[in-house]
Amino acid sequence: MKQILFAFGLAALLLLAGCAQQEQPPAAPTTEPEQPPGSDRDAHGCIPSAGYSWCESKQQCVRPWETPCPALTEAQARAIAVASPCMDEGALTTAAPTYNDNSKTWWFETDIERQGCTPACVVSEGTRTAEINWMCTGLVTPDESQSCSAGYGNSMTLGEAYAAAEASACLVEGTLNRADATCNENTGTWWIGLETTIPREGCSPACVVNVNSGMAEVNYRCTGLNMEGYVYPAVNAGGDACFSALTGKSLSKSRAFNIATRDSIVCRSLGTINAAAYICDTNTGTWQFGINPTLPAEDCTPYCMVNVNSQTASVDWKCATGTSAPE
C-alpha cells in the first residue's frame with residue numbers, strides 16, 4: 001500500500017513541475033527605437049515621408065498634389081512671352097500670370113483689344129515658345145468702316161486695308177479671313193487673318209497692312225521655333241534701341257533682329273541675316289541689318305530694313321556707284 005501511495009505522489013510532483021515550465025511568460029521581443037517625425041529631411045530640408053519635395057522654380061518644399069511646381073519660373077516664362085510673336089499684337093499687362101498645371105502653360109494677360117475676346121499670351125513649358133490664345137466668344141465680323149490710326153496723322157479703314165491686302169502678294173499664299181482683323185495702333189498696322197493654301201505647322205499667318213505706306217506683306221506668326229541657347233532680350237533695353245527722329249518711337253535691336261529673322265519672310269528669302277553688321281538710322285527710323293545673300297550680286301549688298309514705327313521689314317540693296325541693284 002505504501003508503495004502505491006509513493007508512486008502516486010511521485011507522479012503528482014512530476015506533473016506539477018511540467019505545468020510550472022509551461023506557464024513561464026515568453027521573452028519580450030527586441031525592438032529598435034522609433035525615428036522621430038521629420039528626421040528624414042533631404043538636402044533641401046524637405047520631408048519625403050510627409051510628401052514634400054524640392055521645387056526649383058519656387059525655391060521651396062511643396063506637395064505636388066497641393067502646389068504645382070512649374071518647370072519655368074514666372075520671370076523665365078515672361079521673357080519667352082516678351083520675345084515671342086505675341087508682341088506683334090500688343091504688350092503684356094502687369095497683372096500676375098496664372099499657371100495651368102494640366103497643360104503645363106503660363107498665361108499672361110495682354111492689352112490687345114478685340115471685340116468679344118480676352119487675348120492671352122500662352123507660354124508652353126514643353127516647347128518654351130509662346131502664342132496668342134484669343135479666347136473669343138460670339139466673334140462678330142469687324143465693321144469695314146472701322147479706322148486704324150498711325151504716326152504722321154495717317155489712318156486707314158478696315159475696308160481700305162482689305163483692298164490693299166487683296167492687291168498684294170498676300171493672296172499668293174492663300175485667302176483672307178475677314179472675321180479675323182485687328183488694328184495695332186502701336187505699329188500702325190492692320191492684321192488680317194490668312195488661310196494659307198499650304199498649311200504651316202505651328203503658324204498662324206496674317207496679312208499685315210501698313211497704314212502709312214499702304215503696303216502689305218505676310219507675317220507667319222510661327223511658334224515652336226528652336227529656342228535652345230537663345231538669350232531672351234529685354235524690350236528696348238537701355239543703349240540698345242533705335243529711335244525715329246520723326247515720331248520719337250523706339251525699337252530695341254533684339255526685337256528688330258527677331259522681326260528680320262523670324263517674323264518676316266522678305267529678308268530671309270534672300271539669305272541669312274548678319275547680326276554683327278547693323279546700323280541704326282534715326283533719320284529714317286530704321287534698323288539696317290546686313291544680309292549674306294544666297295545668290296551674291298557683284299558690288300551690291302542687301303540690307304534688311306526694319307521700320308521702327310511699323311515694325312515691318314523690307315530689303316534695300318546698297319550698291320557701288322554705277323552699279324544697279326538686282327531685280
# chains A, B, ... in the order shown; residues from 1 in each chain; ligands from 1
>>> residues_around(residues="stretch 47-61 of chain A", least_positions_apart="5", cutoff="8 Å", atoms="only C-alpha atoms", output="tab-separated table (two decimals) with C-alpha atoms, in the first residue's frame")
chain	number	residue	atom	x	y	z
A	38	GLY	CA	10.70	64.77	-39.65
A	39	SER	CA	14.07	63.08	-39.26
A	40	ASP	CA	14.11	62.02	-42.98
A	41	ARG	CA	14.77	65.52	-44.37
A	42	ASP	CA	16.62	65.70	-47.70
A	69	CYS	CA	5.81	73.07	-59.43
A	70	PRO	CA	6.35	74.77	-62.84
A	71	ALA	CA	9.40	73.85	-64.88
A	72	LEU	CA	9.82	77.57	-65.68
A	73	THR	CA	9.84	80.44	-63.24
>>> select_by_dssp(residues="stretch 57-279 of chain A", states="helix (DSSP H, G or I)", output="PyMOL selection string")
chain A and resi 74-82+85-88+151-153+158-166+170-173+253-263+265-268
>>> atom_distance(atom1="atom CA of A:Ala81", atom2="atom CA of A:Thr129")
7.5 Å
>>> residues_around(residues="A:Glu144", least_positions_apart="4", cutoff="8 Å", atoms="only C-alpha atoms", output="PDB file with N, CA and C atoms, in the first residue's frame")
ATOM      1  N   THR A 157      -9.181 102.749 -93.027  1.00  0.00           N
ATOM      2  CA  THR A 157     -10.325 101.941 -92.616  1.00  0.00           C
ATOM      3  C   THR A 157     -10.030 100.475 -92.890  1.00  0.00           C
ATOM      4  N   LEU A 158     -10.812  99.618 -92.260  1.00  0.00           N
ATOM      5  CA  LEU A 158     -10.626  98.187 -92.484  1.00  0.00           C
ATOM      6  C   LEU A 158     -10.939  97.831 -93.932  1.00  0.00           C
ATOM      7  N   GLY A 159     -11.954  98.505 -94.511  1.00  0.00           N
ATOM      8  CA  GLY A 159     -12.284  98.249 -95.918  1.00  0.00           C
ATOM      9  C   GLY A 159     -11.112  98.572 -96.833  1.00  0.00           C
TER      10      GLY A 159
END
>>> residues_around(residues="A:Ser204", least_positions_apart="5", cutoff="8 Å", atoms="only C-alpha atoms", output="PDB file with N, CA and C atoms, in the first residue's frame")
ATOM      1  N   GLY A 193      -6.330  87.973 -90.792  1.00  0.00           N
ATOM      2  CA  GLY A 193      -6.037  86.543 -90.820  1.00  0.00           C
ATOM      3  C   GLY A 193      -5.921  86.019 -92.237  1.00  0.00           C
ATOM      4  N   LEU A 194      -5.031  85.049 -92.416  1.00  0.00           N
ATOM      5  CA  LEU A 194      -4.778  84.494 -93.746  1.00  0.00           C
ATOM      6  C   LEU A 194      -4.872  82.976 -93.695  1.00  0.00           C
ATOM      7  N   TYR A 220       3.964  85.219 -90.717  1.00  0.00           N
ATOM      8  CA  TYR A 220       3.510  83.862 -90.436  1.00  0.00           C
ATOM      9  C   TYR A 220       3.205  83.599 -88.963  1.00  0.00           C
ATOM     10  N   ARG A 221       3.685  84.452 -88.074  1.00  0.00           N
ATOM     11  CA  ARG A 221       3.407  84.311 -86.642  1.00  0.00           C
ATOM     12  C   ARG A 221       3.591  82.849 -86.195  1.00  0.00           C
ATOM     13  N   CYS A 222       4.781  82.347 -86.386  1.00  0.00           N
ATOM     14  CA  CYS A 222       5.049  80.938 -86.099  1.00  0.00           C
ATOM     15  C   CYS A 222       5.564  80.748 -84.678  1.00  0.00           C
TER      16      CYS A 222
END
>>> residues_around(residues="A:Ala216", least_positions_apart="4", cutoff="12 Å", atoms="only C-alpha atoms", output="VMD selection string")
chain A and resid 160 to 171 189 to 192 206 to 212 264 266 310 312 to 314
>>> select_by_dssp(residues="stretch 43-144 of chain A", states="strand (DSSP E)", output="list in words")
Ser53, Trp54, Cys55, Gln60, Cys61, Val62, Thr98, Tyr99, Asn100, Thr105, Trp106, Trp107, Phe108, Glu109, Ala120, Cys121, Val122, Val123, Ser124, Ala130, Glu131, Ile132 and Asn133 of chain A
>>> write_last_selection(atoms="C-alpha atoms", output="PDB file, in the first residue's frame")
ATOM      1  CA  SER A  53       9.861  67.545 -52.429  1.00  0.00           C
ATOM      2  CA  TRP A  54      12.018  70.437 -53.581  1.00  0.00           C
ATOM      3  CA  CYS A  55      10.587  72.777 -56.276  1.00  0.00           C
ATOM      4  CA  GLN A  60      10.660  75.855 -51.630  1.00  0.00           C
ATOM      5  CA  CYS A  61       9.401  72.449 -50.489  1.00  0.00           C
ATOM      6  CA  VAL A  62       5.959  71.599 -51.897  1.00  0.00           C
ATOM      7  CA  THR A  98      -1.686  82.149 -63.995  1.00  0.00           C
ATOM      8  CA  TYR A  99      -0.144  78.702 -64.265  1.00  0.00           C
ATOM      9  CA  ASN A 100      -2.099  75.751 -65.675  1.00  0.00           C
ATOM     10  CA  THR A 105       1.473  76.519 -69.517  1.00  0.00           C
ATOM     11  CA  TRP A 106       1.820  80.083 -68.217  1.00  0.00           C
ATOM     12  CA  TRP A 107      -0.991  82.514 -69.193  1.00  0.00           C
ATOM     13  CA  PHE A 108      -0.167  86.244 -69.370  1.00  0.00           C
ATOM     14  CA  GLU A 109      -2.841  88.907 -69.823  1.00  0.00           C
ATOM     15  CA  ALA A 120      -3.678  85.976 -73.511  1.00  0.00           C
ATOM     16  CA  CYS A 121      -0.074  85.146 -74.358  1.00  0.00           C
ATOM     17  CA  VAL A 122       0.360  81.458 -73.534  1.00  0.00           C
ATOM     18  CA  VAL A 123       3.846  80.087 -72.831  1.00  0.00           C
ATOM     19  CA  SER A 124       4.381  76.333 -73.155  1.00  0.00           C
ATOM     20  CA  ALA A 130       4.530  81.380 -76.824  1.00  0.00           C
ATOM     21  CA  GLU A 131       1.437  82.129 -78.869  1.00  0.00           C
ATOM     22  CA  ILE A 132      -1.778  84.117 -78.506  1.00  0.00           C
ATOM     23  CA  ASN A 133      -4.958  82.446 -77.325  1.00  0.00           C
TER      24      ASN A 133
END
>>> atom_distance(atom1="atom CA of A:Cys203", atom2="atom CA of A:Asn292")
25.6 Å
>>> residues_around(residues="A:Ala277", least_positions_apart="2", cutoff="9 Å", atoms="only C-alpha atoms", output="PyMOL selection string")
chain A and resi 273-275+279+288-291
>>> residues_around(residues="A:Val308", least_positions_apart="3", cutoff="12 Å", atoms="only C-alpha atoms", output="PyMOL selection string")
chain A and resi 151+186-188+236+241-253+255-257+259+280-288+305+311-314
>>> write_last_selection(atoms="N, CA and C atoms", output="mmCIF file, in the first residue's frame")
data_model
loop_
_atom_site.group_PDB
_atom_site.id
_atom_site.type_symbol
_atom_site.label_atom_id
_atom_site.label_comp_id
_atom_site.auth_asym_id
_atom_site.auth_seq_id
_atom_site.Cartn_x
_atom_site.Cartn_y
_atom_site.Cartn_z
ATOM 1 N N GLY A 151 1.252 106.845 -87.023
ATOM 2 C CA GLY A 151 2.024 108.078 -86.948
ATOM 3 C C GLY A 151 1.794 108.951 -88.162
ATOM 4 N N ASN A 186 -0.034 100.598 -82.120
ATOM 5 C CA ASN A 186 1.366 100.750 -81.708
ATOM 6 C C ASN A 186 2.299 100.681 -82.911
ATOM 7 N N THR A 187 1.952 99.818 -83.861
ATOM 8 C CA THR A 187 2.789 99.669 -85.051
ATOM 9 C C THR A 187 2.152 100.297 -86.285
ATOM 10 N N GLY A 188 0.910 100.810 -86.161
ATOM 11 C CA GLY A 188 0.236 101.412 -87.307
ATOM 12 C C GLY A 188 -0.043 100.406 -88.398
ATOM 13 N N ASN A 236 13.457 97.116 -75.683
ATOM 14 C CA ASN A 236 14.016 98.465 -75.673
ATOM 15 C C ASN A 236 15.003 98.664 -74.522
ATOM 16 N N ALA A 241 18.526 100.665 -78.298
ATOM 17 C CA ALA A 241 17.302 100.995 -79.014
ATOM 18 C C ALA A 241 17.589 101.996 -80.116
ATOM 19 N N CYS A 242 16.808 101.907 -81.183
ATOM 20 C CA CYS A 242 16.901 102.845 -82.294
ATOM 21 C C CYS A 242 15.642 103.708 -82.281
ATOM 22 N N PHE A 243 15.830 105.019 -82.406
ATOM 23 C CA PHE A 243 14.708 105.945 -82.343
ATOM 24 C C PHE A 243 14.409 106.532 -83.714
ATOM 25 N N SER A 244 13.143 106.858 -83.915
ATOM 26 C CA SER A 244 12.729 107.577 -85.114
ATOM 27 C C SER A 244 12.709 109.063 -84.783
ATOM 28 N N ALA A 245 13.489 109.856 -85.501
ATOM 29 C CA ALA A 245 13.550 111.289 -85.229
ATOM 30 C C ALA A 245 12.211 111.967 -85.514
ATOM 31 N N LEU A 246 11.391 111.379 -86.378
ATOM 32 C CA LEU A 246 10.118 111.999 -86.752
ATOM 33 C C LEU A 246 9.017 111.721 -85.733
ATOM 34 N N THR A 247 8.953 110.496 -85.244
ATOM 35 C CA THR A 247 7.844 110.127 -84.355
ATOM 36 C C THR A 247 8.260 109.947 -82.904
ATOM 37 N N GLY A 248 9.561 109.757 -82.648
ATOM 38 C CA GLY A 248 10.015 109.524 -81.287
ATOM 39 C C GLY A 248 9.855 108.087 -80.823
ATOM 40 N N LYS A 249 9.296 107.223 -81.680
ATOM 41 C CA LYS A 249 9.150 105.818 -81.312
ATOM 42 C C LYS A 249 10.511 105.133 -81.337
ATOM 43 N N SER A 250 10.617 104.062 -80.561
ATOM 44 C CA SER A 250 11.877 103.334 -80.497
ATOM 45 C C SER A 250 11.638 101.838 -80.626
ATOM 46 N N LEU A 251 12.699 101.140 -80.969
ATOM 47 C CA LEU A 251 12.636 99.684 -81.121
ATOM 48 C C LEU A 251 14.001 99.116 -80.752
ATOM 49 N N SER A 252 14.010 98.105 -79.890
ATOM 50 C CA SER A 252 15.273 97.505 -79.480
ATOM 51 C C SER A 252 15.902 96.725 -80.630
ATOM 52 N N LYS A 253 17.225 96.638 -80.612
ATOM 53 C CA LYS A 253 17.923 95.883 -81.658
ATOM 54 C C LYS A 253 17.524 94.416 -81.643
ATOM 55 N N ARG A 255 14.664 93.107 -80.708
ATOM 56 C CA ARG A 255 13.319 92.941 -81.285
ATOM 57 C C ARG A 255 13.390 93.095 -82.800
ATOM 58 N N ALA A 256 14.177 94.081 -83.274
ATOM 59 C CA ALA A 256 14.316 94.281 -84.713
ATOM 60 C C ALA A 256 14.937 93.052 -85.374
ATOM 61 N N PHE A 257 15.919 92.459 -84.706
ATOM 62 C CA PHE A 257 16.564 91.268 -85.256
ATOM 63 C C PHE A 257 15.567 90.107 -85.326
ATOM 64 N N ILE A 259 12.352 90.421 -85.824
ATOM 65 C CA ILE A 259 11.485 90.707 -86.971
ATOM 66 C C ILE A 259 12.188 90.307 -88.258
ATOM 67 N N CYS A 280 21.806 101.825 -86.921
ATOM 68 C CA CYS A 280 20.525 102.472 -86.626
ATOM 69 C C CYS A 280 20.517 103.815 -87.341
ATOM 70 N N ASP A 281 19.521 104.035 -88.193
ATOM 71 C CA ASP A 281 19.383 105.304 -88.902
ATOM 72 C C ASP A 281 18.184 106.045 -88.320
ATOM 73 N N THR A 282 18.452 107.027 -87.449
ATOM 74 C CA THR A 282 17.356 107.745 -86.792
ATOM 75 C C THR A 282 16.612 108.656 -87.761
ATOM 76 N N ASN A 283 17.268 109.057 -88.861
ATOM 77 C CA ASN A 283 16.594 109.922 -89.836
ATOM 78 C C ASN A 283 15.437 109.197 -90.512
ATOM 79 N N THR A 284 15.667 107.938 -90.840
ATOM 80 C CA THR A 284 14.608 107.149 -91.473
ATOM 81 C C THR A 284 13.872 106.274 -90.464
ATOM 82 N N GLY A 285 14.387 106.223 -89.235
ATOM 83 C CA GLY A 285 13.756 105.384 -88.215
ATOM 84 C C GLY A 285 13.826 103.916 -88.567
ATOM 85 N N THR A 286 15.022 103.446 -88.914
ATOM 86 C CA THR A 286 15.162 102.040 -89.318
ATOM 87 C C THR A 286 16.400 101.409 -88.697
ATOM 88 N N TRP A 287 16.255 100.135 -88.367
ATOM 89 C CA TRP A 287 17.402 99.270 -88.089
ATOM 90 C C TRP A 287 17.774 98.636 -89.422
ATOM 91 N N GLN A 288 19.062 98.597 -89.732
ATOM 92 C CA GLN A 288 19.510 98.039 -91.002
ATOM 93 C C GLN A 288 20.519 96.921 -90.724
ATOM 94 N N MET A 305 15.836 96.118 -93.824
ATOM 95 C CA MET A 305 15.445 97.387 -93.208
ATOM 96 C C MET A 305 14.215 97.140 -92.330
ATOM 97 N N GLN A 311 7.297 98.353 -87.487
ATOM 98 C CA GLN A 311 7.861 97.057 -87.118
ATOM 99 C C GLN A 311 7.674 96.021 -88.230
ATOM 100 N N THR A 312 7.882 96.476 -89.457
ATOM 101 C CA THR A 312 7.854 95.590 -90.617
ATOM 102 C C THR A 312 9.224 95.653 -91.297
ATOM 103 N N ALA A 313 9.504 94.654 -92.113
ATOM 104 C CA ALA A 313 10.818 94.551 -92.749
ATOM 105 C C ALA A 313 10.714 94.671 -94.257
ATOM 106 N N SER A 314 11.762 95.221 -94.859
ATOM 107 C CA SER A 314 11.866 95.303 -96.308
ATOM 108 C C SER A 314 13.341 95.175 -96.673
#
>>> closest_residue(among="A:Thr127, A:Thr182, A:Asn154, A:Thr118", to="A:Glu89", atoms="only C-alpha atoms")
A:Thr182
>>> atom_distance(atom1="atom CA of A:Cys183", atom2="atom CA of A:Gln146")
9.1 Å
>>> decode(residues="stretch 289-313 of chain A", atoms="N, CA and C atoms", output="PDB file, in the first residue's frame")
ATOM      1  N   PHE A 289      20.118  95.695 -91.082  1.00  0.00           N
ATOM      2  CA  PHE A 289      20.972  94.525 -90.862  1.00  0.00           C
ATOM      3  C   PHE A 289      21.508  94.014 -92.204  1.00  0.00           C
ATOM      4  N   GLY A 290      22.791  93.675 -92.226  1.00  0.00           N
ATOM      5  CA  GLY A 290      23.362  93.096 -93.430  1.00  0.00           C
ATOM      6  C   GLY A 290      22.806  91.703 -93.693  1.00  0.00           C
ATOM      7  N   ILE A 291      22.733  91.338 -94.968  1.00  0.00           N
ATOM      8  CA  ILE A 291      22.259  90.008 -95.366  1.00  0.00           C
ATOM      9  C   ILE A 291      23.377  89.311 -96.129  1.00  0.00           C
ATOM     10  N   ASN A 292      23.664  88.080 -95.739  1.00  0.00           N
ATOM     11  CA  ASN A 292      24.587  87.252 -96.516  1.00  0.00           C
ATOM     12  C   ASN A 292      23.751  86.529 -97.573  1.00  0.00           C
ATOM     13  N   PRO A 293      23.723  87.049 -98.805  1.00  0.00           N
ATOM     14  CA  PRO A 293      22.786  86.528 -99.806  1.00  0.00           C
ATOM     15  C   PRO A 293      23.144  85.128-100.287  1.00  0.00           C
ATOM     16  N   THR A 294      22.113  84.340-100.545  1.00  0.00           N
ATOM     17  CA  THR A 294      22.316  83.004-101.108  1.00  0.00           C
ATOM     18  C   THR A 294      22.903  83.117-102.514  1.00  0.00           C
ATOM     19  N   LEU A 295      22.433  84.121-103.280  1.00  0.00           N
ATOM     20  CA  LEU A 295      22.953  84.388-104.620  1.00  0.00           C
ATOM     21  C   LEU A 295      23.584  85.779-104.604  1.00  0.00           C
ATOM     22  N   PRO A 296      24.885  85.881-104.352  1.00  0.00           N
ATOM     23  CA  PRO A 296      25.552  87.187-104.262  1.00  0.00           C
ATOM     24  C   PRO A 296      25.435  87.981-105.558  1.00  0.00           C
ATOM     25  N   ALA A 297      25.374  89.302-105.418  1.00  0.00           N
ATOM     26  CA  ALA A 297      25.348  90.201-106.568  1.00  0.00           C
ATOM     27  C   ALA A 297      26.627  91.048-106.531  1.00  0.00           C
ATOM     28  N   GLU A 298      27.303  91.156-107.662  1.00  0.00           N
ATOM     29  CA  GLU A 298      28.576  91.868-107.706  1.00  0.00           C
ATOM     30  C   GLU A 298      28.409  93.336-107.340  1.00  0.00           C
ATOM     31  N   ASP A 299      29.244  93.810-106.389  1.00  0.00           N
ATOM     32  CA  ASP A 299      29.278  95.215-105.953  1.00  0.00           C
ATOM     33  C   ASP A 299      27.988  95.668-105.277  1.00  0.00           C
ATOM     34  N   CYS A 300      27.163  94.749-104.859  1.00  0.00           N
ATOM     35  CA  CYS A 300      25.908  95.100-104.174  1.00  0.00           C
ATOM     36  C   CYS A 300      25.744  94.241-102.922  1.00  0.00           C
ATOM     37  N   THR A 301      25.256  94.858-101.869  1.00  0.00           N
ATOM     38  CA  THR A 301      24.985  94.145-100.625  1.00  0.00           C
ATOM     39  C   THR A 301      23.561  94.427-100.182  1.00  0.00           C
ATOM     40  N   PRO A 302      22.769  93.368 -99.954  1.00  0.00           N
ATOM     41  CA  PRO A 302      21.393  93.605 -99.496  1.00  0.00           C
ATOM     42  C   PRO A 302      21.348  93.874 -97.990  1.00  0.00           C
ATOM     43  N   TYR A 303      20.446  94.740 -97.573  1.00  0.00           N
ATOM     44  CA  TYR A 303      20.226  95.037 -96.164  1.00  0.00           C
ATOM     45  C   TYR A 303      18.757  94.820 -95.830  1.00  0.00           C
ATOM     46  N   CYS A 304      18.537  94.289 -94.640  1.00  0.00           N
ATOM     47  CA  CYS A 304      17.169  94.125 -94.149  1.00  0.00           C
ATOM     48  C   CYS A 304      16.828  95.383 -93.357  1.00  0.00           C
ATOM     49  N   MET A 305      15.836  96.118 -93.824  1.00  0.00           N
ATOM     50  CA  MET A 305      15.445  97.387 -93.208  1.00  0.00           C
ATOM     51  C   MET A 305      14.215  97.140 -92.330  1.00  0.00           C
ATOM     52  N   VAL A 306      14.383  97.301 -91.021  1.00  0.00           N
ATOM     53  CA  VAL A 306      13.263  97.108 -90.084  1.00  0.00           C
ATOM     54  C   VAL A 306      12.788  98.484 -89.627  1.00  0.00           C
ATOM     55  N   ASN A 307      11.546  98.809 -89.974  1.00  0.00           N
ATOM     56  CA  ASN A 307      10.965 100.110 -89.659  1.00  0.00           C
ATOM     57  C   ASN A 307      10.593 100.194 -88.185  1.00  0.00           C
ATOM     58  N   VAL A 308      11.114 101.207 -87.501  1.00  0.00           N
ATOM     59  CA  VAL A 308      10.854 101.373 -86.070  1.00  0.00           C
ATOM     60  C   VAL A 308       9.373 101.619 -85.799  1.00  0.00           C
ATOM     61  N   ASN A 309       8.708 102.368 -86.696  1.00  0.00           N
ATOM     62  CA  ASN A 309       7.310 102.727 -86.479  1.00  0.00           C
ATOM     63  C   ASN A 309       6.350 101.580 -86.771  1.00  0.00           C
ATOM     64  N   SER A 310       6.525 100.940 -87.920  1.00  0.00           N
ATOM     65  CA  SER A 310       5.584  99.881 -88.321  1.00  0.00           C
ATOM     66  C   SER A 310       6.020  98.499 -87.891  1.00  0.00           C
ATOM     67  N   GLN A 311       7.297  98.353 -87.487  1.00  0.00           N
ATOM     68  CA  GLN A 311       7.861  97.057 -87.118  1.00  0.00           C
ATOM     69  C   GLN A 311       7.674  96.021 -88.230  1.00  0.00           C
ATOM     70  N   THR A 312       7.882  96.476 -89.457  1.00  0.00           N
ATOM     71  CA  THR A 312       7.854  95.590 -90.617  1.00  0.00           C
ATOM     72  C   THR A 312       9.224  95.653 -91.297  1.00  0.00           C
ATOM     73  N   ALA A 313       9.504  94.654 -92.113  1.00  0.00           N
ATOM     74  CA  ALA A 313      10.818  94.551 -92.749  1.00  0.00           C
ATOM     75  C   ALA A 313      10.714  94.671 -94.257  1.00  0.00           C
TER      76      ALA A 313
END
